[in-house]
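entry_20.pdb (PDB, C-alpha atoms, pLDDT in the B column) appears below.
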```
ATOM      1  CA  MET A   1      13.829  15.889  -6.927  1.00 53.00           C
ATOM      2  CA  SER A   2      16.944  15.261  -8.996  1.00 58.00           C
ATOM      3  CA  MET A   3      17.508  11.976 -10.792  1.00 57.00           C
ATOM      4  CA  ALA A   4      20.748  11.471  -8.819  1.00 62.00           C
ATOM      5  CA  SER A   5      18.782  11.235  -5.559  1.00 69.00           C
ATOM      6  CA  VAL A   6      16.313   8.627  -6.851  1.00 72.00           C
ATOM      7  CA  LYS A   7      17.294   5.020  -6.198  1.00 69.00           C
ATOM      8  CA  PRO A   8      16.072   2.643  -8.877  1.00 67.00           C
ATOM      9  CA  ASN A   9      13.823  -0.251  -7.945  1.00 70.00           C
ATOM     10  CA  VAL A  10      15.250  -3.576  -8.957  1.00 72.00           C
ATOM     11  CA  VAL A  11      13.387  -6.866  -8.841  1.00 73.00           C
ATOM     12  CA  TRP A  12      15.317 -10.051  -9.471  1.00 76.00           C
ATOM     13  CA  PHE A  13      13.232 -13.133 -10.256  1.00 76.00           C
ATOM     14  CA  ASN A  14      15.093 -16.378  -9.797  1.00 78.00           C
ATOM     15  CA  ILE A  15      12.908 -19.322 -10.759  1.00 79.00           C
ATOM     16  CA  ASP A  16      14.656 -22.592 -10.047  1.00 79.00           C
ATOM     17  CA  SER A  17      15.191 -24.791 -13.136  1.00 78.00           C
ATOM     18  CA  LEU A  18      13.604 -22.356 -15.597  1.00 80.00           C
ATOM     19  CA  ARG A  19      15.686 -21.784 -18.726  1.00 81.00           C
ATOM     20  CA  ALA A  20      15.687 -18.189 -19.968  1.00 81.00           C
ATOM     21  CA  ASP A  21      14.834 -19.149 -23.573  1.00 84.00           C
ATOM     22  CA  VAL A  22      11.775 -21.113 -22.420  1.00 87.00           C
ATOM     23  CA  PHE A  23      10.608 -18.200 -20.256  1.00 86.00           C
ATOM     24  CA  TYR A  24      11.101 -15.640 -23.060  1.00 87.00           C
ATOM     25  CA  LYS A  25       9.239 -17.852 -25.556  1.00 90.00           C
ATOM     26  CA  LEU A  26       6.265 -18.155 -23.182  1.00 90.00           C
ATOM     27  CA  LEU A  27       6.406 -14.428 -22.442  1.00 89.00           C
ATOM     28  CA  ASP A  28       6.515 -13.481 -26.151  1.00 90.00           C
ATOM     29  CA  SER A  29       3.620 -15.826 -26.992  1.00 92.00           C
ATOM     30  CA  ASP A  30       1.506 -14.036 -24.358  1.00 88.00           C
ATOM     31  CA  LYS A  31       1.005 -17.275 -22.438  1.00 90.00           C
ATOM     32  CA  LEU A  32       2.101 -15.536 -19.231  1.00 87.00           C
ATOM     33  CA  PRO A  33      -0.037 -12.366 -19.249  1.00 87.00           C
ATOM     34  CA  ASN A  34       0.644 -11.383 -15.636  1.00 89.00           C
ATOM     35  CA  PHE A  35       4.370 -11.816 -16.088  1.00 86.00           C
ATOM     36  CA  GLY A  36       4.009  -9.815 -19.311  1.00 86.00           C
ATOM     37  CA  LEU A  37       2.782  -6.869 -17.254  1.00 85.00           C
ATOM     38  CA  ILE A  38       5.890  -7.092 -15.072  1.00 82.00           C
ATOM     39  CA  PHE A  39       8.491  -7.961 -17.702  1.00 81.00           C
ATOM     40  CA  GLY A  40       7.122  -6.084 -20.717  1.00 76.00           C
ATOM     41  CA  LYS A  41       9.921  -3.504 -20.684  1.00 76.00           C
ATOM     42  CA  ALA A  42      12.461  -5.429 -18.628  1.00 79.00           C
ATOM     43  CA  ARG A  43      16.010  -6.098 -19.687  1.00 78.00           C
ATOM     44  CA  ARG A  44      16.700  -9.590 -20.967  1.00 80.00           C
ATOM     45  CA  ALA A  45      19.831 -11.592 -20.431  1.00 75.00           C
ATOM     46  CA  LYS A  46      21.406 -12.395 -23.777  1.00 73.00           C
ATOM     47  CA  HIS A  47      23.753 -15.038 -22.474  1.00 72.00           C
ATOM     48  CA  ALA A  48      22.941 -16.937 -19.331  1.00 71.00           C
ATOM     49  CA  VAL A  49      25.239 -19.710 -18.198  1.00 78.00           C
ATOM     50  CA  SER A  50      25.273 -21.815 -15.084  1.00 82.00           C
ATOM     51  CA  VAL A  51      27.917 -23.189 -12.800  1.00 88.00           C
ATOM     52  CA  PHE A  52      28.680 -26.870 -12.442  1.00 87.00           C
ATOM     53  CA  PRO A  53      26.996 -28.806 -11.046  1.00 87.00           C
ATOM     54  CA  THR A  54      23.736 -27.273 -12.219  1.00 87.00           C
ATOM     55  CA  VAL A  55      21.720 -28.131  -9.116  1.00 88.00           C
ATOM     56  CA  THR A  56      19.636 -25.902  -6.883  1.00 87.00           C
ATOM     57  CA  MET A  57      21.869 -25.276  -3.880  1.00 90.00           C
ATOM     58  CA  THR A  58      25.050 -24.754  -5.920  1.00 92.00           C
ATOM     59  CA  CYS A  59      23.340 -22.408  -8.372  1.00 91.00           C
ATOM     60  CA  GLN A  60      21.481 -20.474  -5.647  1.00 90.00           C
ATOM     61  CA  ALA A  61      24.761 -19.916  -3.801  1.00 92.00           C
ATOM     62  CA  SER A  62      26.527 -18.808  -6.992  1.00 93.00           C
ATOM     63  CA  LEU A  63      23.712 -16.415  -7.906  1.00 91.00           C
ATOM     64  CA  ALA A  64      23.660 -14.927  -4.408  1.00 92.00           C
ATOM     65  CA  THR A  65      27.449 -14.499  -4.216  1.00 94.00           C
ATOM     66  CA  GLY A  66      28.651 -14.210  -7.798  1.00 92.00           C
ATOM     67  CA  ALA A  67      31.241 -16.836  -6.876  1.00 94.00           C
ATOM     68  CA  THR A  68      31.971 -20.323  -8.108  1.00 94.00           C
ATOM     69  CA  PRO A  69      31.399 -23.395  -5.905  1.00 92.00           C
ATOM     70  CA  ALA A  70      35.133 -23.566  -5.177  1.00 91.00           C
ATOM     71  CA  ARG A  71      34.829 -20.205  -3.424  1.00 94.00           C
ATOM     72  CA  HIS A  72      31.364 -20.288  -1.797  1.00 92.00           C
ATOM     73  CA  LEU A  73      31.809 -23.975  -0.799  1.00 89.00           C
ATOM     74  CA  ILE A  74      28.324 -25.309  -1.688  1.00 90.00           C
ATOM     75  CA  GLY A  75      29.403 -28.227  -3.871  1.00 89.00           C
ATOM     76  CA  GLY A  76      26.032 -29.686  -4.797  1.00 90.00           C
ATOM     77  CA  ASN A  77      22.656 -30.757  -3.456  1.00 88.00           C
ATOM     78  CA  ALA A  78      24.546 -33.534  -1.703  1.00 86.00           C
ATOM     79  CA  TRP A  79      28.247 -33.400  -0.925  1.00 80.00           C
ATOM     80  CA  PHE A  80      30.778 -34.865   1.416  1.00 80.00           C
ATOM     81  CA  ASP A  81      32.726 -32.396   3.544  1.00 74.00           C
ATOM     82  CA  ARG A  82      36.040 -34.056   4.254  1.00 70.00           C
ATOM     83  CA  PHE A  83      37.820 -30.896   5.396  1.00 68.00           C
ATOM     84  CA  GLY A  84      35.639 -29.922   8.361  1.00 68.00           C
ATOM     85  CA  LYS A  85      36.377 -30.701  11.989  1.00 74.00           C
ATOM     86  CA  ARG A  86      34.539 -33.985  11.446  1.00 77.00           C
ATOM     87  CA  PRO A  87      33.814 -35.385   7.973  1.00 76.00           C
ATOM     88  CA  PHE A  88      30.096 -35.461   7.186  1.00 77.00           C
ATOM     89  CA  LEU A  89      27.654 -35.905   4.320  1.00 82.00           C
ATOM     90  CA  ARG A  90      25.400 -32.931   3.637  1.00 84.00           C
ATOM     91  CA  ASP A  91      22.351 -33.997   1.629  1.00 85.00           C
ATOM     92  CA  TYR A  92      19.983 -31.070   1.106  1.00 83.00           C
ATOM     93  CA  THR A  93      17.449 -33.369  -0.547  1.00 80.00           C
ATOM     94  CA  ASP A  94      16.595 -35.532   2.450  1.00 78.00           C
ATOM     95  CA  THR A  95      13.464 -34.408   4.269  1.00 71.00           C
ATOM     96  CA  GLU A  96      14.990 -33.173   7.516  1.00 72.00           C
ATOM     97  CA  THR A  97      17.878 -31.328   5.865  1.00 77.00           C
ATOM     98  CA  SER A  98      15.691 -29.717   3.208  1.00 75.00           C
ATOM     99  CA  LEU A  99      13.561 -28.295   6.023  1.00 74.00           C
ATOM    100  CA  LEU A 100      16.659 -27.054   7.845  1.00 77.00           C
ATOM    101  CA  VAL A 101      17.639 -25.076   4.732  1.00 79.00           C
ATOM    102  CA  TYR A 102      14.806 -22.723   5.680  1.00 77.00           C
ATOM    103  CA  GLY A 103      15.287 -22.985   9.433  1.00 74.00           C
ATOM    104  CA  TYR A 104      12.412 -25.416   9.994  1.00 73.00           C
ATOM    105  CA  LYS A 105      12.801 -28.428  12.246  1.00 69.00           C
ATOM    106  CA  LEU A 106      10.768 -31.630  12.266  1.00 63.00           C
ATOM    107  CA  PHE A 107       8.526 -31.875  15.288  1.00 58.00           C
ATOM    108  CA  GLY A 108       6.134 -34.716  15.906  1.00 52.00           C
ATOM    109  CA  LEU A 109       4.984 -37.438  13.611  1.00 49.00           C
ATOM    110  CA  PRO A 110       4.040 -37.935  10.901  1.00 51.00           C
ATOM    111  CA  THR A 111       3.829 -34.411   9.474  1.00 51.00           C
ATOM    112  CA  GLY A 112       4.228 -31.903  12.279  1.00 54.00           C
ATOM    113  CA  LEU A 113       6.605 -29.020  11.754  1.00 51.00           C
ATOM    114  CA  LEU A 114       7.900 -26.549  14.253  1.00 53.00           C
ATOM    115  CA  ALA A 115       8.874 -23.307  12.562  1.00 52.00           C
ATOM    116  CA  LYS A 116      11.900 -21.457  13.826  1.00 50.00           C
ATOM    117  CA  THR A 117      12.239 -17.739  13.275  1.00 48.00           C
ATOM    118  CA  ALA A 118      13.720 -16.453  10.035  1.00 45.00           C
ATOM    119  CA  ASP A 119      17.040 -16.124  11.805  1.00 52.00           C
ATOM    120  CA  GLU A 120      19.906 -16.809   9.386  1.00 53.00           C
ATOM    121  CA  ASP A 121      21.785 -18.608  12.157  1.00 59.00           C
ATOM    122  CA  HIS A 122      19.334 -21.524  11.947  1.00 66.00           C
ATOM    123  CA  ALA A 123      19.334 -21.995   8.167  1.00 80.00           C
ATOM    124  CA  ILE A 124      21.946 -24.461   6.966  1.00 82.00           C
ATOM    125  CA  GLY A 125      22.059 -22.995   3.448  1.00 82.00           C
ATOM    126  CA  ASN A 126      23.457 -19.825   4.998  1.00 86.00           C
ATOM    127  CA  LEU A 127      25.612 -21.725   7.489  1.00 85.00           C
ATOM    128  CA  ASP A 128      27.233 -23.881   4.802  1.00 87.00           C
ATOM    129  CA  LEU A 129      28.000 -20.869   2.624  1.00 89.00           C
ATOM    130  CA  SER A 130      31.591 -19.711   3.068  1.00 88.00           C
ATOM    131  CA  GLY A 131      31.792 -16.868   5.570  1.00 87.00           C
ATOM    132  CA  ALA A 132      34.592 -15.367   3.478  1.00 91.00           C
ATOM    133  CA  THR A 133      32.270 -14.982   0.483  1.00 93.00           C
ATOM    134  CA  PRO A 134      29.939 -11.975   0.714  1.00 94.00           C
ATOM    135  CA  THR A 135      26.471 -12.191  -0.793  1.00 94.00           C
ATOM    136  CA  LEU A 136      24.761  -9.708  -3.070  1.00 92.00           C
ATOM    137  CA  TYR A 137      22.545  -8.878  -0.086  1.00 92.00           C
ATOM    138  CA  ASP A 138      25.593  -8.097   2.090  1.00 93.00           C
ATOM    139  CA  ALA A 139      26.867  -5.686  -0.577  1.00 92.00           C
ATOM    140  CA  LEU A 140      23.491  -3.957  -0.877  1.00 91.00           C
ATOM    141  CA  LYS A 141      23.120  -3.723   2.909  1.00 90.00           C
ATOM    142  CA  ALA A 142      26.495  -1.936   3.039  1.00 91.00           C
ATOM    143  CA  ARG A 143      24.992   0.657   0.656  1.00 88.00           C
ATOM    144  CA  VAL A 144      21.889   0.973   2.860  1.00 88.00           C
ATOM    145  CA  ILE A 145      19.670  -0.642   0.254  1.00 87.00           C
ATOM    146  CA  ARG A 146      16.810  -2.772   1.531  1.00 88.00           C
ATOM    147  CA  THR A 147      16.508  -6.295   0.115  1.00 89.00           C
ATOM    148  CA  GLY A 148      13.970  -9.057   0.446  1.00 87.00           C
ATOM    149  CA  VAL A 149      14.278 -12.738  -0.339  1.00 87.00           C
ATOM    150  CA  VAL A 150      11.302 -15.031  -0.919  1.00 85.00           C
ATOM    151  CA  PHE A 151      11.623 -18.840  -0.656  1.00 81.00           C
ATOM    152  CA  THR A 152      15.318 -18.796  -1.556  1.00 82.00           C
ATOM    153  CA  ALA A 153      17.698 -20.995   0.403  1.00 83.00           C
ATOM    154  CA  VAL A 154      20.518 -18.428   0.511  1.00 88.00           C
ATOM    155  CA  SER A 155      19.464 -15.248   2.289  1.00 88.00           C
ATOM    156  CA  ARG A 156      22.492 -14.170   4.327  1.00 90.00           C
ATOM    157  CA  GLY A 157      22.557 -10.383   4.535  1.00 90.00           C
ATOM    158  CA  ALA A 158      19.013  -9.824   3.222  1.00 90.00           C
ATOM    159  CA  SER A 159      16.896  -7.269   5.075  1.00 90.00           C
ATOM    160  CA  ASP A 160      13.845  -9.541   4.960  1.00 88.00           C
ATOM    161  CA  TRP A 161      13.516 -13.266   4.399  1.00 85.00           C
ATOM    162  CA  ILE A 162      10.074 -14.656   3.625  1.00 83.00           C
ATOM    163  CA  LEU A 163       9.967 -18.359   4.387  1.00 80.00           C
ATOM    164  CA  PRO A 164       7.739 -20.986   2.832  1.00 79.00           C
ATOM    165  CA  GLU A 165       4.667 -21.757   4.927  1.00 76.00           C
ATOM    166  CA  ARG A 166       3.872 -25.241   6.226  1.00 70.00           C
ATOM    167  CA  GLN A 167       1.614 -26.028   3.265  1.00 74.00           C
ATOM    168  CA  ASP A 168       4.380 -24.953   0.844  1.00 77.00           C
ATOM    169  CA  ILE A 169       6.841 -27.316   2.536  1.00 72.00           C
ATOM    170  CA  ALA A 170       4.277 -30.145   2.459  1.00 71.00           C
ATOM    171  CA  HIS A 171       3.597 -29.493  -1.234  1.00 74.00           C
ATOM    172  CA  PHE A 172       7.350 -29.509  -1.950  1.00 71.00           C
ATOM    173  CA  ALA A 173       7.757 -32.826  -0.126  1.00 69.00           C
ATOM    174  CA  LEU A 174       4.853 -34.414  -2.017  1.00 72.00           C
ATOM    175  CA  CYS A 175       6.290 -33.263  -5.358  1.00 74.00           C
ATOM    176  CA  HIS A 176       9.762 -34.437  -4.335  1.00 67.00           C
ATOM    177  CA  TYR A 177       8.435 -37.913  -3.609  1.00 70.00           C
ATOM    178  CA  HIS A 178       6.409 -37.952  -6.871  1.00 71.00           C
ATOM    179  CA  LYS A 179       3.056 -37.890  -5.077  1.00 72.00           C
ATOM    180  CA  LEU A 180       2.051 -34.721  -6.962  1.00 66.00           C
ATOM    181  CA  PRO A 181       2.993 -33.540 -10.490  1.00 65.00           C
TER     182      PRO A 181
END
```
Serialized structure, C-alpha coordinates:
Amino acid sequence: MSMASVKPNVVWFNIDSLRADVFYKLLDSDKLPNFGLIFGKARRAKHAVSVFPTVTMTCQASLATGATPARHLIGGNAWFDRFGKRPFLRDYTDTETSLLVYGYKLFGLPTGLLAKTADEDHAIGNLDLSGATPTLYDALKARVIRTGVVFTAVSRGASDWILPERQDIAHFALCHYHKLP
(Lines of atoms letter the chains of each structure in order from A and count residues from 1; the text may use other names and numbers.)
(Lines give C-alpha, C1' and ligand atoms only; values in the text may rest on other atoms or scores of the structure.)
Protein backbone atom coordinates (compact mmCIF):
# COMPACT_ATOMS: atom_id res chain seq x y z
CA MET A 1 0.00 0.00 0.00
CA SER A 2 1.47 3.36 -0.99
CA MET A 3 1.75 6.21 1.48
CA ALA A 4 -0.43 8.38 -0.79
CA SER A 5 -3.40 6.04 -0.25
CA VAL A 6 -3.14 6.04 3.55
CA LYS A 7 -5.24 8.66 5.31
CA PRO A 8 -3.69 9.89 8.53
CA ASN A 9 -5.58 9.56 11.79
CA VAL A 10 -6.08 12.86 13.52
CA VAL A 11 -7.41 13.29 17.03
CA TRP A 12 -8.23 16.78 18.23
CA PHE A 13 -8.64 17.19 21.99
CA ASN A 14 -10.47 20.33 22.98
CA ILE A 15 -10.66 20.64 26.75
CA ASP A 16 -12.73 23.64 27.76
CA SER A 17 -10.82 26.23 29.83
CA LEU A 18 -7.51 24.36 29.80
CA ARG A 19 -4.53 26.56 28.91
CA ALA A 20 -1.95 24.87 26.69
CA ASP A 21 1.00 25.85 28.92
CA VAL A 22 -0.67 24.30 31.98
CA PHE A 23 -1.41 21.09 30.06
CA TYR A 24 2.16 20.84 28.69
CA LYS A 25 3.65 21.43 32.15
CA LEU A 26 1.52 18.63 33.63
CA LEU A 27 2.34 16.38 30.68
CA ASP A 28 6.10 17.03 30.96
CA SER A 29 6.08 16.42 34.73
CA ASP A 30 4.52 12.99 34.09
CA LYS A 31 1.48 13.89 36.19
CA LEU A 32 -0.80 12.77 33.36
CA PRO A 33 0.61 9.33 32.48
CA ASN A 34 -2.33 8.20 30.34
CA PHE A 35 -2.30 11.42 28.38
CA GLY A 36 1.47 10.97 28.07
CA LEU A 37 0.85 7.72 26.20
CA ILE A 38 -1.40 9.57 23.75
CA PHE A 39 0.51 12.84 23.42
CA GLY A 40 4.09 11.62 23.80
CA LYS A 41 4.95 12.26 20.14
CA ALA A 42 2.16 14.69 19.31
CA ARG A 43 2.66 18.10 17.79
CA ARG A 44 2.38 21.01 20.19
CA ALA A 45 0.91 24.38 19.45
CA LYS A 46 3.56 27.05 19.93
CA HIS A 47 1.17 29.96 19.94
CA ALA A 48 -2.42 29.49 20.95
CA VAL A 49 -4.70 32.50 21.13
CA SER A 50 -8.40 32.80 21.75
CA VAL A 51 -11.18 34.92 20.39
CA PHE A 52 -13.04 37.50 22.42
CA PRO A 53 -15.00 36.91 24.50
CA THR A 54 -13.13 33.90 25.84
CA VAL A 55 -16.20 31.93 26.89
CA THR A 56 -17.23 28.39 26.03
CA MET A 57 -19.84 28.83 23.31
CA THR A 58 -17.94 31.57 21.45
CA CYS A 59 -14.66 29.65 21.56
CA GLN A 60 -16.27 26.31 20.63
CA ALA A 61 -17.91 27.94 17.61
CA SER A 62 -14.64 29.61 16.56
CA LEU A 63 -12.69 26.36 16.92
CA ALA A 64 -15.28 24.42 14.93
CA THR A 65 -15.49 27.01 12.13
CA GLY A 66 -12.17 28.83 12.14
CA ALA A 67 -14.21 32.03 12.08
CA THR A 68 -14.53 34.96 14.44
CA PRO A 69 -17.75 35.63 16.39
CA ALA A 70 -18.69 38.35 13.90
CA ARG A 71 -18.92 35.67 11.22
CA HIS A 72 -20.25 32.59 13.06
CA LEU A 73 -22.67 34.74 15.13
CA ILE A 74 -22.21 33.12 18.57
CA GLY A 75 -21.45 36.27 20.56
CA GLY A 76 -21.01 34.81 24.03
CA ASN A 77 -22.48 32.45 26.60
CA ALA A 78 -25.31 34.96 26.87
CA TRP A 79 -26.17 37.47 24.18
CA PHE A 80 -29.03 39.54 22.94
CA ASP A 81 -30.09 38.97 19.34
CA ARG A 82 -31.59 42.24 18.19
CA PHE A 83 -31.45 41.44 14.47
CA GLY A 84 -33.65 38.33 14.37
CA LYS A 85 -37.32 38.26 13.44
CA ARG A 86 -38.05 38.90 17.12
CA PRO A 87 -35.40 40.19 19.54
CA PHE A 88 -34.51 37.64 22.21
CA LEU A 89 -31.94 36.89 24.89
CA ARG A 90 -29.99 33.67 24.42
CA ASP A 91 -28.42 32.56 27.70
CA TYR A 92 -26.63 29.23 27.28
CA THR A 93 -25.91 29.11 31.01
CA ASP A 94 -29.47 28.80 32.28
CA THR A 95 -30.51 25.23 32.99
CA GLU A 96 -33.06 24.71 30.23
CA THR A 97 -30.96 26.35 27.51
CA SER A 98 -27.77 24.55 28.50
CA LEU A 99 -29.65 21.27 28.09
CA LEU A 100 -30.98 22.37 24.70
CA VAL A 101 -27.39 22.92 23.52
CA TYR A 102 -27.15 19.12 23.41
CA GLY A 103 -30.71 18.52 22.25
CA TYR A 104 -32.05 17.55 25.68
CA LYS A 105 -35.34 18.90 26.95
CA LEU A 106 -36.54 19.18 30.54
CA PHE A 107 -39.28 16.71 31.32
CA GLY A 108 -40.86 16.33 34.72
CA LEU A 109 -39.80 17.70 38.04
CA PRO A 110 -37.47 18.08 39.75
CA THR A 111 -34.73 16.32 37.77
CA GLY A 112 -36.30 14.35 34.95
CA LEU A 113 -34.79 14.66 31.50
CA LEU A 114 -36.15 13.49 28.22
CA ALA A 115 -33.35 12.88 25.75
CA LYS A 116 -33.92 13.74 22.13
CA THR A 117 -31.94 12.03 19.41
CA ALA A 118 -28.54 13.39 18.43
CA ASP A 119 -30.21 15.21 15.57
CA GLU A 120 -28.43 18.51 14.88
CA ASP A 121 -31.79 20.15 14.19
CA HIS A 122 -32.64 20.01 17.90
CA ALA A 123 -29.38 21.41 19.28
CA ILE A 124 -29.42 25.18 19.69
CA GLY A 125 -25.62 25.48 19.54
CA ASN A 126 -25.83 24.26 15.95
CA LEU A 127 -28.99 26.25 15.23
CA ASP A 128 -27.50 29.53 16.46
CA LEU A 129 -24.34 29.03 14.42
CA SER A 130 -24.47 30.97 11.16
CA GLY A 131 -25.62 28.75 8.31
CA ALA A 132 -23.26 30.65 6.02
CA THR A 133 -20.24 29.55 8.07
CA PRO A 134 -19.11 25.98 7.36
CA THR A 135 -17.63 23.91 10.17
CA LEU A 136 -14.45 21.87 10.13
CA TYR A 137 -16.72 18.81 10.14
CA ASP A 138 -18.56 20.03 7.02
CA ALA A 139 -15.22 20.42 5.22
CA LEU A 140 -14.07 16.94 6.24
CA LYS A 141 -17.41 15.39 5.27
CA ALA A 142 -16.99 16.90 1.79
CA ARG A 143 -13.69 14.98 1.56
CA VAL A 144 -15.40 11.77 2.73
CA ILE A 145 -13.55 11.79 6.03
CA ARG A 146 -15.42 10.45 9.04
CA THR A 147 -15.53 12.66 12.14
CA GLY A 148 -16.81 12.21 15.65
CA VAL A 149 -17.60 14.79 18.29
CA VAL A 150 -17.83 14.01 22.01
CA PHE A 151 -19.62 16.36 24.44
CA THR A 152 -18.99 19.43 22.28
CA ALA A 153 -21.79 21.92 21.77
CA VAL A 154 -21.01 22.56 18.09
CA SER A 155 -21.29 19.40 16.01
CA ARG A 156 -22.89 20.48 12.73
CA GLY A 157 -21.55 18.30 9.93
CA ALA A 158 -19.93 15.67 12.18
CA SER A 159 -20.48 12.03 11.21
CA ASP A 160 -21.12 11.04 14.83
CA TRP A 161 -22.09 13.10 17.85
CA ILE A 162 -21.76 11.50 21.28
CA LEU A 163 -23.94 13.32 23.77
CA PRO A 164 -23.46 13.59 27.51
CA GLU A 165 -25.52 11.06 29.46
CA ARG A 166 -28.07 12.07 32.10
CA GLN A 167 -25.56 11.68 34.93
CA ASP A 168 -23.07 13.90 33.05
CA ILE A 169 -25.70 16.63 32.68
CA ALA A 170 -26.63 16.32 36.37
CA HIS A 171 -22.96 16.53 37.37
CA PHE A 172 -22.51 19.61 35.16
CA ALA A 173 -25.54 21.28 36.76
CA LEU A 174 -24.30 20.54 40.28
CA CYS A 175 -20.86 21.98 39.46
CA HIS A 176 -22.46 24.99 37.77
CA TYR A 177 -24.45 25.76 40.91
CA HIS A 178 -21.38 25.21 43.14
CA LYS A 179 -22.81 22.08 44.76
CA LEU A 180 -19.75 20.06 43.67
CA PRO A 181 -16.10 21.16 43.20
- Note on the structure: From atom CA of Ser130 of chain A to atom CA of Arg143 of chain A the spacing works out at 21.5 Å
- Which value, in Å to one decimal, gives the distance between atom CA of Ala61 of chain A and atom CA of Gly157 of chain A?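 Interatomic distance here is 12.9 Å.
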- Message: Can you translate the PyMOL selection byres ((chain A and resi 126) around 9) into the concrete residues it hits in this file, as a PyMOL selection string?
- Response: chain A and resi 61+101+120-125+127-131+153-156
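Here atom CA of Phe88 of chain A and atom CA of His72 of chain A stand 17.7 Å from one another.
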- Evaluate the PyMOL selection byres ((chain A and resi 16) around 9) on the structure here and hand back the selected residues as a PyMOL selection string. chain A and resi 14-15+17-19+56+59-60
- Message: For this structure, which residues satisfy the selection - the PyMOL selection byres ((chain A and resi 151) around 7) - when it is evaluated on the file as given? I want them as a PyMOL selection string.
- Response: chain A and resi 149-150+152-153+162-164
- Looking at all atoms listed in the file, which of A:Gly66, A:Phe52, A:Ala45, A:Asp21 is the one that sits closest to Ala139 of chain A? A:Gly66
- Item | Which residue of A:Phe23, A:Gly75, A:Ser98, A:Leu140 approaches Ser62 of chain A most closely, using all atoms listed in the file |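 With all atoms listed in the file as the atom set, the closest residue is A:Gly75.
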- Query: A:Glu165, A:Lys46, A:Leu63, A:Arg86: which is nearest Tyr104 of chain A, counting only C-alpha atoms?
  - Reply: A:Glu165
Would you compute, for all listed atoms of segment 124-143 of chain A, the axis-aligned bounding box grown by 5 Å on each side, and then report its centre and edge lengths in Å rounded to one decimal, as AutoDock Vina command-line options?
```
--center_x 28.3 --center_y -11.9 --center_z 2.2 --size_x 22.6 --size_y 35.1 --size_z 20.6
```
